[in-house]
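Engineer: Before I ask anything, here is the structure I am working with.
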Amino acid sequence: MCGRFNFSNHSKVKGTKEAGVSPSFNIAPSSVIAVLNEDMKCLNLNWGFTPSWMKQGQIINAKRETVRTKSTFKGFRKCYVPINGWYEWLKTDEGKKPFYFHSEYDTMYVKSIMRDNIVILLTTEAIDSISHIHNRMPLLSNEPVFRNWNLNQVNIDINTYEVSREVSYAGNNSADLIKPFNP
């Protein structure tokens with residue numbers, strides 16, 4: 001997962017109104033995002049983590065294949081990040097082309113980890129139908145279930161289409177960003 005997602009329709013996620021979650025079509029790293037903790041309480045946490053050993057940048061995603069073995073993630077707890085879809089960029093001879101990924105579900109839930117006031121999204125290998133655009137994708141679930149929380153990918157059909165390059169600028173935030181691009 002490259003690092004952008006849409007959470008503009010959160011009407012089906014309990015607690016977002018009380019937590020003051022605002023609709024956003026272009027959520028970027030370092031943003032404050034909605035997170036569901038194990039008590040199913042909606043929290044606002046910072047997306048990204050800068051460990052003391054890291055000289056610059058931040059960790060926004062962790063691979064499901066290695067998250068349990070990396071000492072960086074010790075002490076993190078399981079959580080979910082609700083999304084309506086996400087963006088990836090395909091490298092072409094004409095430059096990077098953004099694509100929007102979504103499903104038939106109004107809301108999908110990214111299996112994630114949290115500690116203190118930060119959250120990191122978990123990723124997995126992309127499914128075959130979208131791997132030609134990007135080799136990773138969010139570790140998704142169609143509902144936030146903690147009882148059987150694991151690092152397995154739930155089978156969700158993902159649809160995708162090209163969108164405007166306007167999504168490449170984190171400051172842009174409108175419904176036009178998720179509309180199919182017609183050159």
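Simple scheme: letters A, B, ... for chains in structure tokens order, numbers from 1 for residues in each chain, numbers from 1 for ligands in the order shown.
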Show which residues sit within 10 Å of Gln58 (chain A), as a PyMOL selection string. Count only C-alpha atoms, and ignore same-chain residues fewer than 3 positions away.

Structural biologist: chain A and resi 29-30+47-51+54-55+61

Engineer: Store the residues picked out above in a file with C-alpha atoms, as a compact mmCIF listing (two decimals), in the first residue's frame.

Structural biologist:
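Once everything was written out, this is selection_28.txt:
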```
# COMPACT_ATOMS: atom_id res chain seq x y z
CA PRO A 29 0.68 9.61 6.19
CA SER A 30 1.07 11.81 9.29
CA TRP A 47 -0.72 7.49 11.06
CA GLY A 48 2.99 6.76 11.15
CA PHE A 49 5.76 5.97 13.60
CA THR A 50 9.33 7.22 13.86
CA PRO A 51 11.39 4.89 16.03
CA MET A 54 15.29 6.06 12.36
CA LYS A 55 17.15 9.15 11.09
CA ASN A 61 2.97 0.23 6.96
```

Engineer: From a DSSP calculation on the backbone, collect every residue of region 65-167 of chain A in strand (DSSP E or B) and output the set as a PyMOL selection string.

Structural biologist: chain A and resi 77-83+85-92+95-102+108-115+118-125+136-138+140-141+159-163

Engineer: Could you write those residues out with N, CA and C atoms, as a CSV table (one decimal), in the first residue's frame?

Structural biologist:
```
chain,number,residue,atom,x,y,z
A,77,ARG,N,-0.6,-3.1,19.8
A,77,ARG,CA,-1.8,-3.9,20.0
A,77,ARG,C,-2.6,-3.9,18.7
A,78,LYS,N,-3.4,-4.9,18.5
A,78,LYS,CA,-4.2,-5.0,17.3
A,78,LYS,C,-5.3,-4.0,17.3
A,79,CYS,N,-5.7,-3.6,16.1
A,79,CYS,CA,-6.8,-2.6,15.8
A,79,CYS,C,-7.2,-2.7,14.4
A,80,TYR,N,-8.2,-1.9,14.0
A,80,TYR,CA,-8.6,-1.8,12.6
A,80,TYR,C,-8.7,-0.4,12.2
A,81,VAL,N,-8.4,-0.1,10.9
A,81,VAL,CA,-8.6,1.2,10.4
A,81,VAL,C,-9.6,1.1,9.3
A,82,PRO,N,-10.8,1.8,9.4
A,82,PRO,CA,-11.8,1.7,8.4
A,82,PRO,C,-11.5,2.6,7.2
A,83,ILE,N,-11.7,2.0,6.0
A,83,ILE,CA,-11.4,2.8,4.8
A,83,ILE,C,-12.6,2.5,3.8
A,85,GLY,N,-11.6,2.9,0.4
A,85,GLY,CA,-10.8,2.5,-0.7
A,85,GLY,C,-9.4,3.1,-0.5
A,86,TRP,N,-8.5,2.8,-1.5
A,86,TRP,CA,-7.2,3.3,-1.4
A,86,TRP,C,-6.6,3.5,-2.8
A,87,TYR,N,-5.5,4.2,-2.8
A,87,TYR,CA,-4.8,4.6,-4.1
A,87,TYR,C,-3.5,3.9,-4.2
A,88,GLU,N,-3.1,3.6,-5.5
A,88,GLU,CA,-1.8,3.2,-5.8
A,88,GLU,C,-1.4,3.8,-7.1
A,89,TRP,N,-0.1,3.9,-7.4
A,89,TRP,CA,0.4,4.6,-8.6
A,89,TRP,C,1.1,3.5,-9.5
A,90,LEU,N,0.7,3.5,-10.8
A,90,LEU,CA,1.4,2.6,-11.8
A,90,LEU,C,2.4,3.5,-12.5
A,91,LYS,N,3.6,2.9,-12.5
A,91,LYS,CA,4.7,3.6,-13.2
A,91,LYS,C,4.6,3.3,-14.7
A,92,THR,N,4.5,4.4,-15.5
A,92,THR,CA,4.4,4.2,-17.0
A,92,THR,C,5.4,5.1,-17.7
A,95,GLY,N,4.8,8.7,-17.0
A,95,GLY,CA,4.8,9.1,-15.6
A,95,GLY,C,3.9,8.2,-14.8
A,96,LYS,N,3.7,8.5,-13.5
A,96,LYS,CA,2.9,7.7,-12.6
A,96,LYS,C,1.4,8.0,-12.8
A,97,LYS,N,0.6,6.9,-12.9
A,97,LYS,CA,-0.8,7.1,-13.1
A,97,LYS,C,-1.5,6.5,-11.8
A,98,PRO,N,-2.3,7.3,-11.2
A,98,PRO,CA,-3.0,6.9,-9.9
A,98,PRO,C,-4.2,6.0,-10.3
A,99,PHE,N,-4.4,5.0,-9.4
A,99,PHE,CA,-5.6,4.1,-9.5
A,99,PHE,C,-6.3,4.1,-8.2
A,100,TYR,N,-7.6,4.0,-8.2
A,100,TYR,CA,-8.4,3.8,-7.0
A,100,TYR,C,-8.9,2.4,-6.9
A,101,PHE,N,-8.7,1.8,-5.7
A,101,PHE,CA,-9.1,0.5,-5.4
A,101,PHE,C,-10.2,0.5,-4.4
A,102,HIS,N,-11.3,-0.3,-4.6
A,102,HIS,CA,-12.4,-0.4,-3.7
A,102,HIS,C,-13.1,-1.7,-3.9
A,108,MET,N,-14.3,-1.1,4.3
A,108,MET,CA,-13.4,-2.3,4.5
A,108,MET,C,-12.6,-1.9,5.7
A,109,TYR,N,-12.0,-2.8,6.4
A,109,TYR,CA,-11.2,-2.6,7.6
A,109,TYR,C,-9.8,-3.1,7.4
A,110,VAL,N,-8.8,-2.2,7.5
A,110,VAL,CA,-7.4,-2.6,7.4
A,110,VAL,C,-6.9,-3.1,8.8
A,111,LYS,N,-6.5,-4.4,8.8
A,111,LYS,CA,-5.9,-4.9,10.1
A,111,LYS,C,-4.6,-4.0,10.3
A,112,SER,N,-4.5,-3.5,11.5
A,112,SER,CA,-3.4,-2.6,11.8
A,112,SER,C,-2.9,-2.8,13.3
A,113,ILE,N,-1.9,-2.1,13.6
A,113,ILE,CA,-1.4,-2.2,15.0
A,113,ILE,C,-1.2,-0.7,15.5
A,114,MET,N,-1.4,-0.6,16.9
A,114,MET,CA,-1.4,0.7,17.5
A,114,MET,C,-0.6,0.6,18.8
A,115,ARG,N,-0.1,1.8,19.1
A,115,ARG,CA,0.6,2.0,20.4
A,115,ARG,C,0.6,3.5,20.7
A,118,ILE,N,-0.2,6.3,18.1
A,118,ILE,CA,0.1,6.1,16.7
A,118,ILE,C,-0.5,4.8,16.2
A,119,VAL,N,-0.6,4.7,14.9
A,119,VAL,CA,-1.1,3.5,14.2
A,119,VAL,C,-0.3,3.2,13.0
A,120,ILE,N,-0.1,1.9,12.7
A,120,ILE,CA,0.6,1.5,11.5
A,120,ILE,C,-0.3,0.5,10.8
A,121,LEU,N,-0.5,0.6,9.5
A,121,LEU,CA,-1.4,-0.3,8.7
A,121,LEU,C,-0.6,-1.5,8.3
A,122,LEU,N,-1.2,-2.7,8.3
A,122,LEU,CA,-0.6,-3.9,7.8
A,122,LEU,C,-0.9,-4.1,6.4
A,123,THR,N,0.1,-4.6,5.7
A,123,THR,CA,0.0,-4.9,4.2
A,123,THR,C,0.3,-6.4,4.0
A,124,THR,N,-0.1,-6.8,2.8
A,124,THR,CA,0.2,-8.2,2.3
A,124,THR,C,0.4,-8.1,0.8
A,125,GLU,N,0.8,-9.3,0.3
A,125,GLU,CA,1.0,-9.3,-1.2
A,125,GLU,C,-0.3,-9.0,-1.9
A,136,ARG,N,1.9,-4.7,-3.4
A,136,ARG,CA,1.3,-4.9,-2.0
A,136,ARG,C,0.0,-4.2,-1.9
A,137,MET,N,-0.8,-4.6,-0.9
A,137,MET,CA,-2.1,-4.1,-0.7
A,137,MET,C,-2.4,-4.1,0.8
A,138,PRO,N,-3.4,-3.4,1.3
A,138,PRO,CA,-3.8,-3.5,2.7
A,138,PRO,C,-4.2,-4.9,3.1
A,140,LEU,N,-6.9,-6.7,4.5
A,140,LEU,CA,-8.2,-6.3,4.7
A,140,LEU,C,-9.1,-7.3,5.4
A,141,SER,N,-10.2,-6.8,6.0
A,141,SER,CA,-11.3,-7.6,6.5
A,141,SER,C,-12.6,-6.9,6.1
A,159,ASN,N,-12.1,-3.9,-7.0
A,159,ASN,CA,-12.2,-3.3,-8.3
A,159,ASN,C,-11.3,-2.1,-8.3
A,160,THR,N,-10.8,-1.7,-9.5
A,160,THR,CA,-9.9,-0.6,-9.6
A,160,THR,C,-10.2,0.1,-11.0
A,161,TYR,N,-9.8,1.4,-11.0
A,161,TYR,CA,-9.9,2.2,-12.2
A,161,TYR,C,-8.9,3.4,-12.0
A,162,GLU,N,-8.5,3.9,-13.1
A,162,GLU,CA,-7.6,5.1,-13.1
A,162,GLU,C,-8.4,6.3,-12.6
A,163,VAL,N,-7.7,7.2,-11.8
A,163,VAL,CA,-8.3,8.4,-11.4
A,163,VAL,C,-7.4,9.6,-11.7
```

Engineer: Using only C-alpha atoms, pick whichever of A:Asn37, A:Thr107, A:Asn135, A:Ser129 has the shortest atom-to-atom distance to Ser8 (chain A).

Structural biologist: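 Using only C-alpha atoms, Ser8 (chain A) sits closest to A:Thr107.
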
Engineer: Please report the interatomic distance between CA of Asn84 (chain A) and CA of Ile158 (chain A) in Å with one decimal.

Structural biologist: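 Result for CA of Asn84 (chain A) versus CA of Ile158 (chain A): 11.4 Å, one decimal.
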
Engineer: Interatomic distance between CA of Ile27 (chain A) and CA of Ile59 (chain A)?

Structural biologist: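 Rounded to one decimal, the two atoms are 15.6 Å apart.
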
Engineer: Do you have the CA of Arg64 (chain A)-CA of Ile127 (chain A) distance handy?

Structural biologist: 14.3 Å

Engineer: Would you mind writing down, as a VMD selection string, each residue of region 140-177 of chain A that DSSP on the backbone assigns to helix (DSSP H, G or I)?

Structural biologist: chain A and resid 165 to 168 175 to 177

Engineer: Nearest to Leu36 (chain A): which of A:Phe181, A:Trp53, A:Phe146, A:Phe76 is it, counting only C-alpha atoms?

Structural biologist: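 Smallest distance to Leu36 (chain A) is found for A:Phe146.
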
Engineer: Could you pull the residues within 7 Å of Leu177 (chain A), counting only C-alpha atoms, minus those fewer than 2 positions along the same chain, as a PyMOL selection string?

Structural biologist: chain A and resi 25+163-164+166-167+174-175+179

Engineer: Write the residues of the selection above to a file with N, CA and C atoms, as a PDB file, in the first residue's frame.

Structural biologist:
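The result, stored in result_25.pdb:
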```
ATOM      1  N   PHE A  25     -11.265  12.310   1.299  1.00  0.00           N
ATOM      2  CA  PHE A  25     -11.054  11.501   0.104  1.00  0.00           C
ATOM      3  C   PHE A  25      -9.575  11.248  -0.167  1.00  0.00           C
ATOM      4  N   VAL A 163      -7.690   7.175 -11.836  1.00  0.00           N
ATOM      5  CA  VAL A 163      -8.280   8.431 -11.360  1.00  0.00           C
ATOM      6  C   VAL A 163      -7.355   9.591 -11.729  1.00  0.00           C
ATOM      7  N   SER A 164      -7.818  10.790 -11.470  1.00  0.00           N
ATOM      8  CA  SER A 164      -7.066  11.998 -11.794  1.00  0.00           C
ATOM      9  C   SER A 164      -5.759  12.081 -11.005  1.00  0.00           C
ATOM     10  N   GLU A 166      -4.718  14.540  -9.691  1.00  0.00           N
ATOM     11  CA  GLU A 166      -4.947  15.493  -8.598  1.00  0.00           C
ATOM     12  C   GLU A 166      -4.800  14.813  -7.233  1.00  0.00           C
ATOM     13  N   VAL A 167      -5.017  13.500  -7.175  1.00  0.00           N
ATOM     14  CA  VAL A 167      -4.893  12.775  -5.909  1.00  0.00           C
ATOM     15  C   VAL A 167      -3.435  12.725  -5.436  1.00  0.00           C
ATOM     16  N   SER A 174     -11.493  16.080  -2.455  1.00  0.00           N
ATOM     17  CA  SER A 174     -12.874  16.238  -2.940  1.00  0.00           C
ATOM     18  C   SER A 174     -13.336  14.911  -3.533  1.00  0.00           C
ATOM     19  N   ALA A 175     -14.627  14.792  -3.725  1.00  0.00           N
ATOM     20  CA  ALA A 175     -15.213  13.578  -4.291  1.00  0.00           C
ATOM     21  C   ALA A 175     -14.713  13.328  -5.718  1.00  0.00           C
ATOM     22  N   LYS A 179     -13.442   9.688  -8.720  1.00  0.00           N
ATOM     23  CA  LYS A 179     -14.167   9.499  -9.979  1.00  0.00           C
ATOM     24  C   LYS A 179     -13.215   8.920 -11.027  1.00  0.00           C
TER      25      LYS A 179
END
```

Engineer: Between A:Ile33, A:His10, A:Pro180, A:Asp39, which residue has the minimum interatomic distance to Pro144 (chain A), considering only C-alpha atoms?

Structural biologist: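 Comparing A:Ile33, A:His10, A:Pro180, A:Asp39 against Pro144 (chain A), the winner is A:Asp39.
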
Engineer: Find the spatial neighbours of Ala34 (chain A), counting only C-alpha atoms, within a cut-off of 7 Å - ignore same-chain residues fewer than 4 positions away - and output them as a VMD selection string.

Structural biologist: chain A and resid 21 42 to 45 81 to 82

Engineer: With only C-alpha atoms as the basis for distance, which of A:Arg68, A:Lys74, A:Lys63, A:Arg165 is at the shortest distance from Leu139 (chain A)?

Structural biologist: A:Lys63

Engineer: Using only C-alpha atoms for the distances, tell me which of A:Ile130, A:Phe5, A:Glu38, A:Val13 is nearest to Trp149 (chain A).

Structural biologist: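 For Trp149 (chain A), the nearest of the candidates is A:Glu38.
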